[in-house]
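One file, target_32.pdb, carrying PDB, C-alpha atoms:
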MODEL        1
ATOM      1  CA  MET A   1       0.000   0.000   0.000
ATOM      2  CA  GLN A   2       1.420   3.356  -1.021
ATOM      3  CA  THR A   3       1.673   5.867   1.812
ATOM      4  CA  ARG A   4       2.020   9.635   1.971
ATOM      5  CA  SER A   5       3.083  12.163   4.591
ATOM      6  CA  PHE A   6       0.360  13.749   6.671
ATOM      7  CA  GLY A   7       0.893  17.412   5.877
ATOM      8  CA  ARG A   8       3.518  18.929   8.167
ATOM      9  CA  ASP A   9       3.765  15.632  10.042
ATOM     10  CA  PRO A  10       6.045  12.987   8.515
ATOM     11  CA  HIS A  11       3.676  10.274   9.738
ATOM     12  CA  GLN A  12       2.712   8.077   6.798
ATOM     13  CA  VAL A  13      -0.949   7.387   6.056
ATOM     14  CA  SER A  14      -2.234   4.928   3.485
ATOM     15  CA  LEU A  15      -3.266   6.223   0.072
ATOM     16  CA  LEU A  16      -6.573   4.421   0.550
ATOM     17  CA  GLY A  17      -8.433   5.658   3.597
ATOM     18  CA  PHE A  18     -11.326   3.782   5.173
ATOM     19  CA  GLY A  19     -14.586   5.711   5.272
ATOM     20  CA  ALA A  20     -16.633   4.042   8.020
ATOM     21  CA  GLN A  21     -19.986   5.715   7.421
ATOM     22  CA  ARG A  22     -21.398   2.677   5.609
ATOM     23  CA  ILE A  23     -20.354  -0.226   7.866
ATOM     24  CA  VAL A  24     -23.739  -0.004   9.570
ATOM     25  CA  ASP A  25     -27.130  -1.698   9.550
ATOM     26  CA  GLU A  26     -28.532   1.181   7.501
ATOM     27  CA  HIS A  27     -26.324   0.039   4.602
ATOM     28  CA  ASP A  28     -27.057  -3.668   5.098
ATOM     29  CA  CYS A  29     -23.747  -4.354   6.792
ATOM     30  CA  SER A  30     -23.891  -6.493   9.911
ATOM     31  CA  GLU A  31     -21.570  -6.128  12.891
ATOM     32  CA  GLU A  32     -19.807  -9.372  11.972
ATOM     33  CA  GLN A  33     -19.299  -8.206   8.385
ATOM     34  CA  ALA A  34     -18.080  -4.796   9.535
ATOM     35  CA  ILE A  35     -15.447  -6.289  11.812
ATOM     36  CA  ALA A  36     -14.221  -8.611   9.054
ATOM     37  CA  ILE A  37     -14.003  -5.740   6.557
ATOM     38  CA  ILE A  38     -12.071  -3.547   8.980
ATOM     39  CA  ARG A  39      -9.592  -6.254   9.871
ATOM     40  CA  ARG A  40      -9.042  -7.149   6.220
ATOM     41  CA  ALA A  41      -8.347  -3.489   5.465
ATOM     42  CA  VAL A  42      -5.682  -3.302   8.180
ATOM     43  CA  GLU A  43      -4.163  -6.559   6.980
ATOM     44  CA  ALA A  44      -3.875  -5.037   3.475
ATOM     45  CA  GLY A  45      -2.093  -1.912   4.734
ATOM     46  CA  VAL A  46      -4.949   0.542   5.256
ATOM     47  CA  ASN A  47      -4.073   2.544   8.355
ATOM     48  CA  TYR A  48      -6.408   5.564   8.110
ATOM     49  CA  PHE A  49      -9.961   5.274   9.477
ATOM     50  CA  ASP A  50     -12.546   8.051   9.388
ATOM     51  CA  THR A  51     -15.830   8.005  11.303
ATOM     52  CA  ALA A  52     -18.189  10.323  13.205
ATOM     53  CA  PRO A  53     -20.691  10.112  16.075
ATOM     54  CA  SER A  54     -23.444  11.242  13.701
ATOM     55  CA  TYR A  55     -23.039   8.199  11.455
ATOM     56  CA  SER A  56     -26.027   6.015  12.332
ATOM     57  CA  ASP A  57     -26.225   7.419  15.863
ATOM     58  CA  GLY A  58     -22.777   6.182  16.822
ATOM     59  CA  GLN A  59     -23.028   2.707  15.304
ATOM     60  CA  SER A  60     -20.167   3.459  12.903
ATOM     61  CA  GLU A  61     -17.840   4.437  15.757
ATOM     62  CA  THR A  62     -18.876   1.393  17.780
ATOM     63  CA  ARG A  63     -18.016  -0.926  14.913
ATOM     64  CA  VAL A  64     -14.723   0.796  14.237
ATOM     65  CA  GLY A  65     -13.853   0.250  17.891
ATOM     66  CA  LEU A  66     -14.782  -3.413  17.704
ATOM     67  CA  GLY A  67     -12.983  -3.972  14.409
ATOM     68  CA  LEU A  68      -9.766  -2.334  15.558
ATOM     69  CA  LYS A  69      -9.603  -4.113  18.914
ATOM     70  CA  GLY A  70      -5.996  -5.197  19.400
ATOM     71  CA  LEU A  71      -4.874  -3.150  16.383
ATOM     72  CA  ARG A  72      -4.917   0.362  17.859
ATOM     73  CA  ASP A  73      -1.168   0.919  17.541
ATOM     74  CA  ARG A  74      -1.286   0.147  13.796
ATOM     75  CA  VAL A  75      -3.912   2.678  12.783
ATOM     76  CA  TRP A  76      -4.847   6.347  12.675
ATOM     77  CA  ILE A  77      -8.393   7.114  13.843
ATOM     78  CA  ALA A  78     -10.185  10.317  12.885
ATOM     79  CA  THR A  79     -13.587  11.294  14.192
ATOM     80  CA  LYS A  80     -15.644  14.473  14.262
ATOM     81  CA  THR A  81     -17.895  16.797  16.175
ATOM     82  CA  GLY A  82     -20.900  18.610  14.812
ATOM     83  CA  GLY A  83     -21.031  20.759  17.939
ATOM     84  CA  ARG A  84     -20.262  24.409  17.385
ATOM     85  CA  THR A  85     -19.684  25.185  21.064
ATOM     86  CA  ARG A  86     -16.990  23.996  23.433
ATOM     87  CA  ASP A  87     -19.412  22.123  25.665
ATOM     88  CA  LEU A  88     -21.267  20.327  22.863
ATOM     89  CA  ALA A  89     -17.993  19.333  21.208
ATOM     90  CA  LEU A  90     -16.525  17.914  24.421
ATOM     91  CA  LYS A  91     -19.707  15.924  24.980
ATOM     92  CA  ASP A  92     -19.294  14.461  21.481
ATOM     93  CA  LEU A  93     -15.684  13.522  22.202
ATOM     94  CA  GLU A  94     -16.576  11.767  25.446
ATOM     95  CA  GLY A  95     -19.056   9.557  23.600
ATOM     96  CA  SER A  96     -16.686   8.947  20.692
ATOM     97  CA  LEU A  97     -13.867   7.711  22.920
ATOM     98  CA  LYS A  98     -16.189   5.253  24.641
ATOM     99  CA  ARG A  99     -17.595   3.861  21.405
ATOM    100  CA  LEU A 100     -14.165   3.652  19.785
ATOM    101  CA  GLN A 101     -12.734   1.907  22.870
ATOM    102  CA  THR A 102      -9.696   4.151  22.932
ATOM    103  CA  ASP A 103      -8.308   6.803  25.257
ATOM    104  CA  TYR A 104      -7.342   9.135  22.396
ATOM    105  CA  VAL A 105      -8.056   9.813  18.737
ATOM    106  CA  ASP A 106      -5.351  10.753  16.302
ATOM    107  CA  GLU A 107      -7.432  13.412  14.598
ATOM    108  CA  TRP A 108     -10.559  15.268  15.692
ATOM    109  CA  ARG A 109     -12.354  17.526  13.276
ATOM    110  CA  MET A 110     -15.135  20.060  13.217
ATOM    111  CA  HIS A 111     -17.716  18.622  10.876
ATOM    112  CA  ASN A 112     -19.216  20.227   7.757
ATOM    113  CA  ILE A 113     -18.441  23.933   7.897
ATOM    114  CA  MET A 114     -21.028  25.083   5.339
ATOM    115  CA  GLN A 115     -22.083  28.645   6.188
ATOM    116  CA  PRO A 116     -20.238  31.731   7.467
ATOM    117  CA  HIS A 117     -22.070  31.411  10.802
ATOM    118  CA  ASP A 118     -20.558  27.918  11.249
ATOM    119  CA  LEU A 119     -17.085  29.374  10.855
ATOM    120  CA  GLU A 120     -17.735  32.287  13.193
ATOM    121  CA  ALA A 121     -19.279  30.008  15.818
ATOM    122  CA  ILE A 122     -16.298  27.669  16.087
ATOM    123  CA  PHE A 123     -13.869  30.588  16.443
ATOM    124  CA  ALA A 124     -16.052  32.527  18.912
ATOM    125  CA  LYS A 125     -15.444  32.639  22.651
ATOM    126  CA  GLY A 126     -16.796  29.343  23.976
ATOM    127  CA  GLY A 127     -16.695  27.902  20.472
ATOM    128  CA  ALA A 128     -15.729  24.400  19.390
ATOM    129  CA  LEU A 129     -12.103  25.284  18.703
ATOM    130  CA  GLU A 130     -11.624  25.780  22.438
ATOM    131  CA  ALA A 131     -12.676  22.160  22.955
ATOM    132  CA  LEU A 132     -10.169  20.891  20.402
ATOM    133  CA  LEU A 133      -7.355  22.870  21.995
ATOM    134  CA  GLU A 134      -8.264  21.627  25.479
ATOM    135  CA  ALA A 135      -8.547  18.037  24.289
ATOM    136  CA  LYS A 136      -5.141  18.223  22.621
ATOM    137  CA  GLU A 137      -3.554  19.652  25.755
ATOM    138  CA  GLN A 138      -5.058  16.771  27.753
ATOM    139  CA  GLY A 139      -3.757  14.155  25.303
ATOM    140  CA  LEU A 140      -7.258  13.107  24.204
ATOM    141  CA  ILE A 141      -6.535  14.062  20.593
ATOM    142  CA  ARG A 142      -3.368  14.508  18.587
ATOM    143  CA  LYS A 143      -4.355  16.546  15.530
ATOM    144  CA  ILE A 144      -6.866  19.355  15.025
ATOM    145  CA  SER A 145      -8.935  19.204  11.860
ATOM    146  CA  ILE A 146     -11.828  20.768   9.995
ATOM    147  CA  SER A 147     -14.100  19.555   7.202
ATOM    148  CA  GLY A 148     -16.308  21.015   4.516
ATOM    149  CA  HIS A 149     -18.268  19.719   1.552
ATOM    150  CA  THR A 150     -19.622  22.879   0.012
ATOM    151  CA  ASP A 151     -17.814  26.239   0.147
ATOM    152  CA  PRO A 152     -14.016  26.173  -0.209
ATOM    153  CA  ARG A 153     -13.722  29.841   0.712
ATOM    154  CA  LEU A 154     -14.770  29.087   4.292
ATOM    155  CA  LEU A 155     -12.066  26.478   4.789
ATOM    156  CA  ALA A 156      -9.492  28.700   3.122
ATOM    157  CA  GLU A 157     -10.381  31.389   5.666
ATOM    158  CA  ALA A 158     -10.227  28.839   8.494
ATOM    159  CA  ILE A 159      -6.653  27.853   7.720
ATOM    160  CA  ARG A 160      -5.710  31.533   7.467
ATOM    161  CA  ARG A 161      -6.999  32.043  11.006
ATOM    162  CA  PHE A 162      -5.605  28.914  12.643
ATOM    163  CA  PRO A 163      -2.858  26.361  11.839
ATOM    164  CA  PHE A 164      -5.112  23.343  11.397
ATOM    165  CA  ASP A 165      -3.278  20.056  10.967
ATOM    166  CA  SER A 166      -5.681  18.738   8.342
ATOM    167  CA  ALA A 167      -8.852  19.288   6.369
ATOM    168  CA  LEU A 168     -11.341  16.805   4.958
ATOM    169  CA  VAL A 169     -12.879  18.196   1.751
ATOM    170  CA  ALA A 170     -14.939  17.104  -1.246
ATOM    171  CA  LEU A 171     -12.565  16.226  -4.077
ATOM    172  CA  SER A 172     -14.414  14.087  -6.594
ATOM    173  CA  ALA A 173     -13.886  14.701 -10.302
ATOM    174  CA  LEU A 174     -17.397  16.188 -10.326
ATOM    175  CA  ASP A 175     -16.408  18.708  -7.638
ATOM    176  CA  HIS A 176     -13.789  20.033 -10.040
ATOM    177  CA  PHE A 177     -16.420  22.081 -11.850
ATOM    178  CA  ILE A 178     -18.284  24.009  -9.159
ATOM    179  CA  TYR A 179     -17.140  25.507  -5.853
ATOM    180  CA  SER A 180     -13.915  23.605  -6.392
ATOM    181  CA  PHE A 181     -11.809  22.734  -3.371
ATOM    182  CA  ALA A 182      -9.117  21.546  -5.790
ATOM    183  CA  HIS A 183      -8.861  25.078  -7.183
ATOM    184  CA  ASP A 184      -9.794  27.296  -4.253
ATOM    185  CA  PHE A 185      -8.528  25.451  -1.192
ATOM    186  CA  VAL A 186      -5.949  22.752  -1.876
ATOM    187  CA  PRO A 187      -3.148  25.090  -3.096
ATOM    188  CA  GLN A 188      -3.366  27.185   0.091
ATOM    189  CA  ALA A 189      -3.508  24.051   2.236
ATOM    190  CA  VAL A 190      -0.432  22.566   0.591
ATOM    191  CA  GLU A 191       1.449  25.854   1.006
ATOM    192  CA  LYS A 192       0.651  25.868   4.727
ATOM    193  CA  GLY A 193       1.420  22.177   5.259
ATOM    194  CA  VAL A 194      -2.196  21.276   6.013
ATOM    195  CA  ALA A 195      -2.858  17.602   5.272
ATOM    196  CA  VAL A 196      -5.683  17.278   2.733
ATOM    197  CA  ILE A 197      -8.036  14.300   2.936
ATOM    198  CA  GLY A 198     -10.297  13.744  -0.061
ATOM    199  CA  MET A 199     -13.910  12.605   0.218
ATOM    200  CA  LYS A 200     -16.996  12.163  -1.998
ATOM    201  CA  VAL A 201     -14.587  10.491  -4.434
ATOM    202  CA  MET A 202     -17.262   8.352  -6.107
ATOM    203  CA  GLY A 203     -19.937  11.040  -6.116
ATOM    204  CA  LEU A 204     -22.391   8.979  -4.021
ATOM    205  CA  GLY A 205     -21.908   6.146  -6.495
ATOM    206  CA  LYS A 206     -22.677   8.208  -9.609
ATOM    207  CA  LEU A 207     -19.104   7.779 -10.836
ATOM    208  CA  ALA A 208     -19.240   3.979 -10.593
ATOM    209  CA  PRO A 209     -18.964   3.560 -14.417
ATOM    210  CA  TRP A 210     -15.666   5.462 -14.182
ATOM    211  CA  THR A 211     -14.369   3.948 -10.952
ATOM    212  CA  GLU A 212     -10.714   3.673 -11.959
ATOM    213  CA  GLN A 213     -10.618   7.177 -13.424
ATOM    214  CA  ALA A 214     -12.482   8.676 -10.459
ATOM    215  CA  LEU A 215     -10.031   7.201  -7.984
ATOM    216  CA  ARG A 216      -7.030   8.207 -10.061
ATOM    217  CA  TYR A 217      -8.324  11.765 -10.378
ATOM    218  CA  THR A 218      -8.493  12.261  -6.607
ATOM    219  CA  TRP A 219      -5.326  10.362  -5.766
ATOM    220  CA  SER A 220      -3.450  12.423  -8.383
ATOM    221  CA  LEU A 221      -4.164  15.568  -6.373
ATOM    222  CA  PRO A 222      -1.801  16.511  -3.514
ATOM    223  CA  VAL A 223      -3.856  14.647  -0.923
ATOM    224  CA  ALA A 224      -2.492  12.715   2.036
ATOM    225  CA  THR A 225      -5.245  10.132   1.602
ATOM    226  CA  ALA A 226      -8.764   9.772   0.248
ATOM    227  CA  ILE A 227     -11.497   8.025   2.191
ATOM    228  CA  LEU A 228     -13.790   5.575   0.427
ATOM    229  CA  GLY A 229     -16.914   4.178   2.020
ATOM    230  CA  VAL A 230     -17.504   0.434   1.874
ATOM    231  CA  SER A 231     -20.227  -1.833   3.195
ATOM    232  CA  LYS A 232     -19.196  -5.099   1.511
ATOM    233  CA  MET A 233     -15.966  -7.046   1.357
ATOM    234  CA  ASP A 234     -15.920  -7.072  -2.443
ATOM    235  CA  GLU A 235     -16.065  -3.261  -2.455
ATOM    236  CA  LEU A 236     -13.025  -3.135  -0.198
ATOM    237  CA  GLU A 237     -11.153  -5.636  -2.384
ATOM    238  CA  ALA A 238     -11.874  -3.521  -5.482
ATOM    239  CA  ASP A 239     -10.585  -0.399  -3.725
ATOM    240  CA  LEU A 240      -7.451  -2.226  -2.581
ATOM    241  CA  ALA A 241      -6.769  -3.406  -6.133
ATOM    242  CA  ALA A 242      -7.198   0.133  -7.445
ATOM    243  CA  ALA A 243      -4.791   1.499  -4.831
ATOM    244  CA  ASP A 244      -2.206  -1.150  -5.691
ATOM    245  CA  ALA A 245      -2.495  -0.317  -9.407
ATOM    246  CA  PHE A 246      -2.517   3.465  -8.996
ATOM    247  CA  VAL A 247      -0.481   5.608 -11.346
ATOM    248  CA  PRO A 248      -1.030   9.374 -11.571
ATOM    249  CA  MET A 249      -3.541  10.597 -14.141
ATOM    250  CA  THR A 250      -2.202  12.517 -17.131
ATOM    251  CA  ASP A 251      -3.689  15.811 -18.294
ATOM    252  CA  ILE A 252      -5.109  14.132 -21.391
ATOM    253  CA  GLU A 253      -6.739  11.391 -19.320
ATOM    254  CA  ARG A 254      -8.238  14.009 -17.039
ATOM    255  CA  VAL A 255      -9.764  15.929 -19.946
ATOM    256  CA  GLU A 256     -11.174  12.715 -21.423
ATOM    257  CA  LEU A 257     -12.820  11.911 -18.074
ATOM    258  CA  PHE A 258     -14.252  15.408 -17.779
ATOM    259  CA  GLN A 259     -15.819  15.159 -21.234
ATOM    260  CA  GLN A 260     -17.677  12.012 -20.203
ATOM    261  CA  ILE A 261     -18.900  13.094 -16.771
ATOM    262  CA  MET A 262     -19.875  16.727 -17.376
ATOM    263  CA  PRO A 263     -23.607  15.877 -17.762
ATOM    264  CA  LEU A 264     -23.562  14.714 -14.122
ATOM    265  CA  VAL A 265     -22.561  18.112 -12.774
ATOM    266  CA  ARG A 266     -26.016  18.820 -11.324
ATOM    267  CA  PRO A 267     -27.212  19.672  -7.808
ATOM    268  CA  ASP A 268     -29.300  16.507  -7.595
ATOM    269  CA  VAL A 269     -26.053  14.549  -8.085
ATOM    270  CA  LEU A 270     -23.680  16.761  -6.089
ATOM    271  CA  ARG A 271     -26.107  16.920  -3.188
ATOM    272  CA  TRP A 272     -23.406  18.198  -0.821
ATOM    273  CA  LYS A 273     -23.221  21.326  -3.003
ATOM    274  CA  ALA A 274     -26.961  21.827  -3.131
ATOM    275  CA  ARG A 275     -28.852  24.452  -1.124
ATOM    276  CA  GLU A 276     -30.194  21.554   0.939
ATOM    277  CA  TRP A 277     -29.330  17.869   0.583
ATOM    278  CA  MET A 278     -32.326  16.954  -1.588
ATOM    279  CA  SER A 279     -33.295  20.383  -2.923
ATOM    280  CA  GLY A 280     -32.061  19.984  -6.499
ATOM    281  CA  GLU A 281     -30.903  23.614  -6.402
ATOM    282  CA  TRP A 282     -27.326  24.772  -6.217
ATOM    283  CA  TYR A 283     -25.945  26.212  -3.007
ATOM    284  CA  GLN A 284     -25.717  29.968  -3.437
ATOM    285  CA  LEU A 285     -22.385  31.370  -2.335
ATOM    286  CA  PRO A 286     -23.061  33.832   0.480
ATOM    287  CA  GLU A 287     -21.367  37.194   0.746
ATOM    288  CA  LEU A 288     -18.508  36.903   3.189
ATOM    289  CA  PRO A 289     -17.636  39.460   5.846
ATOM    290  CA  PHE A 290     -13.910  38.748   5.474
TER     291      PHE A 290
ENDMDL
END

Rendering of file as structure tokens:
Amino acid sequence: MQTRSFGRDPHQVSLLGFGAQRIVDEHDCSEEQAIAIIRRAVEAGVNYFDTAPSYSDGQSETRVGLGLKGLRDRVWIATKTGGRTRDLALKDLEGSLKRLQTDYVDEWRMHNIMQPHDLEAIFAKGGALEALLEAKEQGLIRKISISGHTDPRLLAEAIRRFPFDSALVALSALDHFIYSFAHDFVPQAVEKGVAVIGMKVMGLGKLAPWTEQALRYTWSLPVATAILGVSKMDELEADLAAADAFVPMTDIERVELFQQIMPLVRPDVLRWKAREWMSGEWYQLPELPF
């Protein structure tokens, strides 16, 4: 498994990251199957696991904890908080640590910064950033992170205000065309040594006919890793094979992919860039006070 440095940190994370949102009953994945999938991933060299307390009311975190039992020193665990205040965030962390069966997480991130008020809330007095700083001082977390699906300008402003260790952002080939993190966030992140983690790589499955090209597009960007959600063992095996075969995409290959997928650049497909998840209308970029 190819590995890459984690931003400013020389720690090596696997090119293929494990997105744990789908190892849950909601996606027809049993606890037994989830544990087997997780352990197979570690065996194959995957060392980066991403989850959140909001994924199926904590079931994702619980299964990550079960699957990684006895393997904690071989993996990097990232989880999130949707709380915008210090107190709500710390409550999230307390629950996450219990479900994950660990006394620390490697990376804790503020989840889905979508509107200017989200950004202002986390930086305000009593905001969530205070919780992350306290947790790091106490040894409960190691890295401070932020995530966003929708508006790259907000995350670019965030890393101007604070030296985040990492950022999880939408970097599918479809995202290239509207509110592009690849254009409007990644260069600044790389310059500042912020580790970039790609998500939404398969466009909620819409890029399945172009699986190889979709993966190569994202992995060819200056990302530390890209997380892919799986709920079945055969999906994991396909992702592992793609990671083993990865070679960077050429400019010509990228253009050829873009020509084929352009009709999918719609808000009902890129739901994370819609005004609301199922609205079918594009998110409208708000005026920013900064």

inquiry  = Residues within 12 Å of Leu88 of chain A, please, as a list in words. Count all atoms listed in the file; anything in the same chain fewer than 2 positions from it doesn't count.
reply    =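 Non-adjacent residues within range: Lys80, Thr81, Gly82, Gly83, Arg84, Thr85, Arg86, Leu90, Lys91, Asp92, Leu93, Glu94, Gly95, Met110, Ile122, Gly126, Gly127, Ala128, Leu129, Glu130, Ala131 and Leu132 of chain A.
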
task = For the structure shown, which residues end up in the PyMOL selection byres ((chain A and resi 218-233) around 7)? Put them as an MDAnalysis selection string, please?
result = chainID A and resid 4:7 13:23 27 29 37 171:173 195:199 201 214:217 234:237 248:249

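Using all atoms listed in the file, the nearest neighbour of Met262 of chain A within the list A:Asp118, A:Glu32, A:Glu191, A:Asp175 is A:Asp175.
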
request  = Please evaluate the PyMOL selection byres ((chain A and resi 242) around 10) against the displayed coordinates and give the resulting residues as a PyMOL selection string.
outcome  = chain A and resi 16+211-213+215-216+236-241+243-247

task = For segment 279-284 of chain A, work out the shell of residues within 9 Å, counting only C-alpha atoms and skipping chain neighbours fewer than 4 positions away, then give it as a list in words.
result = Thr150, Asp151, Arg266, Pro267, Asp268, Val269, Leu270, Arg271, Trp272, Lys273, Ala274 and Arg275 of chain A

With the input short on atoms, add all heavy atoms back to segment 51-60 of chain A and write it as a JSON list (two decimals), in the coordinates of the input.
[["chain", "number", "residue", "atom", "x", "y", "z"],
["A", 51, "THR", "N", -14.47, 8.27, 10.85],
["A", 51, "THR", "CA", -15.83, 8.01, 11.30],
["A", 51, "THR", "C", -16.39, 9.28, 11.93],
["A", 51, "THR", "O", -15.78, 10.35, 11.85],
["A", 51, "THR", "CB", -15.86, 6.81, 12.28],
["A", 51, "THR", "OG1", -17.21, 6.52, 12.64],
["A", 51, "THR", "CG2", -15.03, 7.08, 13.52],
["A", 52, "ALA", "N", -17.57, 9.18, 12.54],
["A", 52, "ALA", "CA", -18.19, 10.32, 13.20],
["A", 52, "ALA", "C", -19.31, 9.83, 14.10],
["A", 52, "ALA", "O", -19.95, 8.81, 13.80],
["A", 52, "ALA", "CB", -18.76, 11.31, 12.18],
["A", 53, "PRO", "N", -19.59, 10.53, 15.20],
["A", 53, "PRO", "CA", -20.69, 10.11, 16.08],
["A", 53, "PRO", "C", -22.06, 10.22, 15.41],
["A", 53, "PRO", "O", -23.00, 9.54, 15.81],
["A", 53, "PRO", "CB", -20.58, 11.07, 17.27],
["A", 53, "PRO", "CG", -19.79, 12.23, 16.78],
["A", 53, "PRO", "CD", -18.87, 11.69, 15.74],
["A", 54, "SER", "N", -22.15, 11.06, 14.38],
["A", 54, "SER", "CA", -23.44, 11.24, 13.70],
["A", 54, "SER", "C", -23.75, 10.13, 12.71],
["A", 54, "SER", "O", -24.88, 10.05, 12.20],
["A", 54, "SER", "CB", -23.46, 12.59, 12.97],
["A", 54, "SER", "OG", -22.41, 12.67, 12.02],
["A", 55, "TYR", "N", -22.80, 9.27, 12.42],
["A", 55, "TYR", "CA", -23.04, 8.20, 11.46],
["A", 55, "TYR", "C", -23.84, 7.08, 12.13],
["A", 55, "TYR", "O", -23.31, 6.33, 12.95],
["A", 55, "TYR", "CB", -21.73, 7.64, 10.91],
["A", 55, "TYR", "CG", -20.91, 8.64, 10.10],
["A", 55, "TYR", "CD1", -19.56, 8.41, 9.84],
["A", 55, "TYR", "CD2", -21.46, 9.82, 9.61],
["A", 55, "TYR", "CE1", -18.80, 9.30, 9.11],
["A", 55, "TYR", "CE2", -20.71, 10.72, 8.89],
["A", 55, "TYR", "CZ", -19.37, 10.46, 8.65],
["A", 55, "TYR", "OH", -18.62, 11.36, 7.92],
["A", 56, "SER", "N", -25.11, 7.02, 11.78],
["A", 56, "SER", "CA", -26.03, 6.02, 12.33],
["A", 56, "SER", "C", -26.03, 6.03, 13.86],
["A", 56, "SER", "O", -25.94, 4.98, 14.51],
["A", 56, "SER", "CB", -25.69, 4.62, 11.79],
["A", 56, "SER", "OG", -25.88, 4.58, 10.39],
["A", 57, "ASP", "N", -26.12, 7.25, 14.40],
["A", 57, "ASP", "CA", -26.22, 7.42, 15.86],
["A", 57, "ASP", "C", -25.12, 6.69, 16.62],
["A", 57, "ASP", "O", -25.38, 6.06, 17.66],
["A", 57, "ASP", "CB", -27.60, 6.95, 16.36],
["A", 57, "ASP", "CG", -28.73, 7.81, 15.83],
["A", 57, "ASP", "OD1", -28.54, 9.03, 15.72],
["A", 57, "ASP", "OD2", -29.80, 7.26, 15.52],
["A", 58, "GLY", "N", -23.92, 6.76, 16.12],
["A", 58, "GLY", "CA", -22.78, 6.18, 16.82],
["A", 58, "GLY", "C", -22.45, 4.75, 16.45],
["A", 58, "GLY", "O", -21.42, 4.21, 16.88],
["A", 59, "GLN", "N", -23.30, 4.10, 15.64],
["A", 59, "GLN", "CA", -23.03, 2.71, 15.30],
["A", 59, "GLN", "C", -21.73, 2.55, 14.52],
["A", 59, "GLN", "O", -20.99, 1.57, 14.71],
["A", 59, "GLN", "CB", -24.18, 2.11, 14.50],
["A", 59, "GLN", "CG", -24.07, 0.60, 14.32],
["A", 59, "GLN", "CD", -25.24, 0.00, 13.58],
["A", 59, "GLN", "OE1", -25.42, 0.25, 12.39],
["A", 59, "GLN", "NE2", -26.06, -0.78, 14.29],
["A", 60, "SER", "N", -21.42, 3.51, 13.66],
["A", 60, "SER", "CA", -20.17, 3.46, 12.90],
["A", 60, "SER", "C", -18.97, 3.46, 13.85],
["A", 60, "SER", "O", -18.07, 2.63, 13.74],
["A", 60, "SER", "CB", -20.08, 4.64, 11.94],
["A", 60, "SER", "OG", -18.78, 4.73, 11.37]]
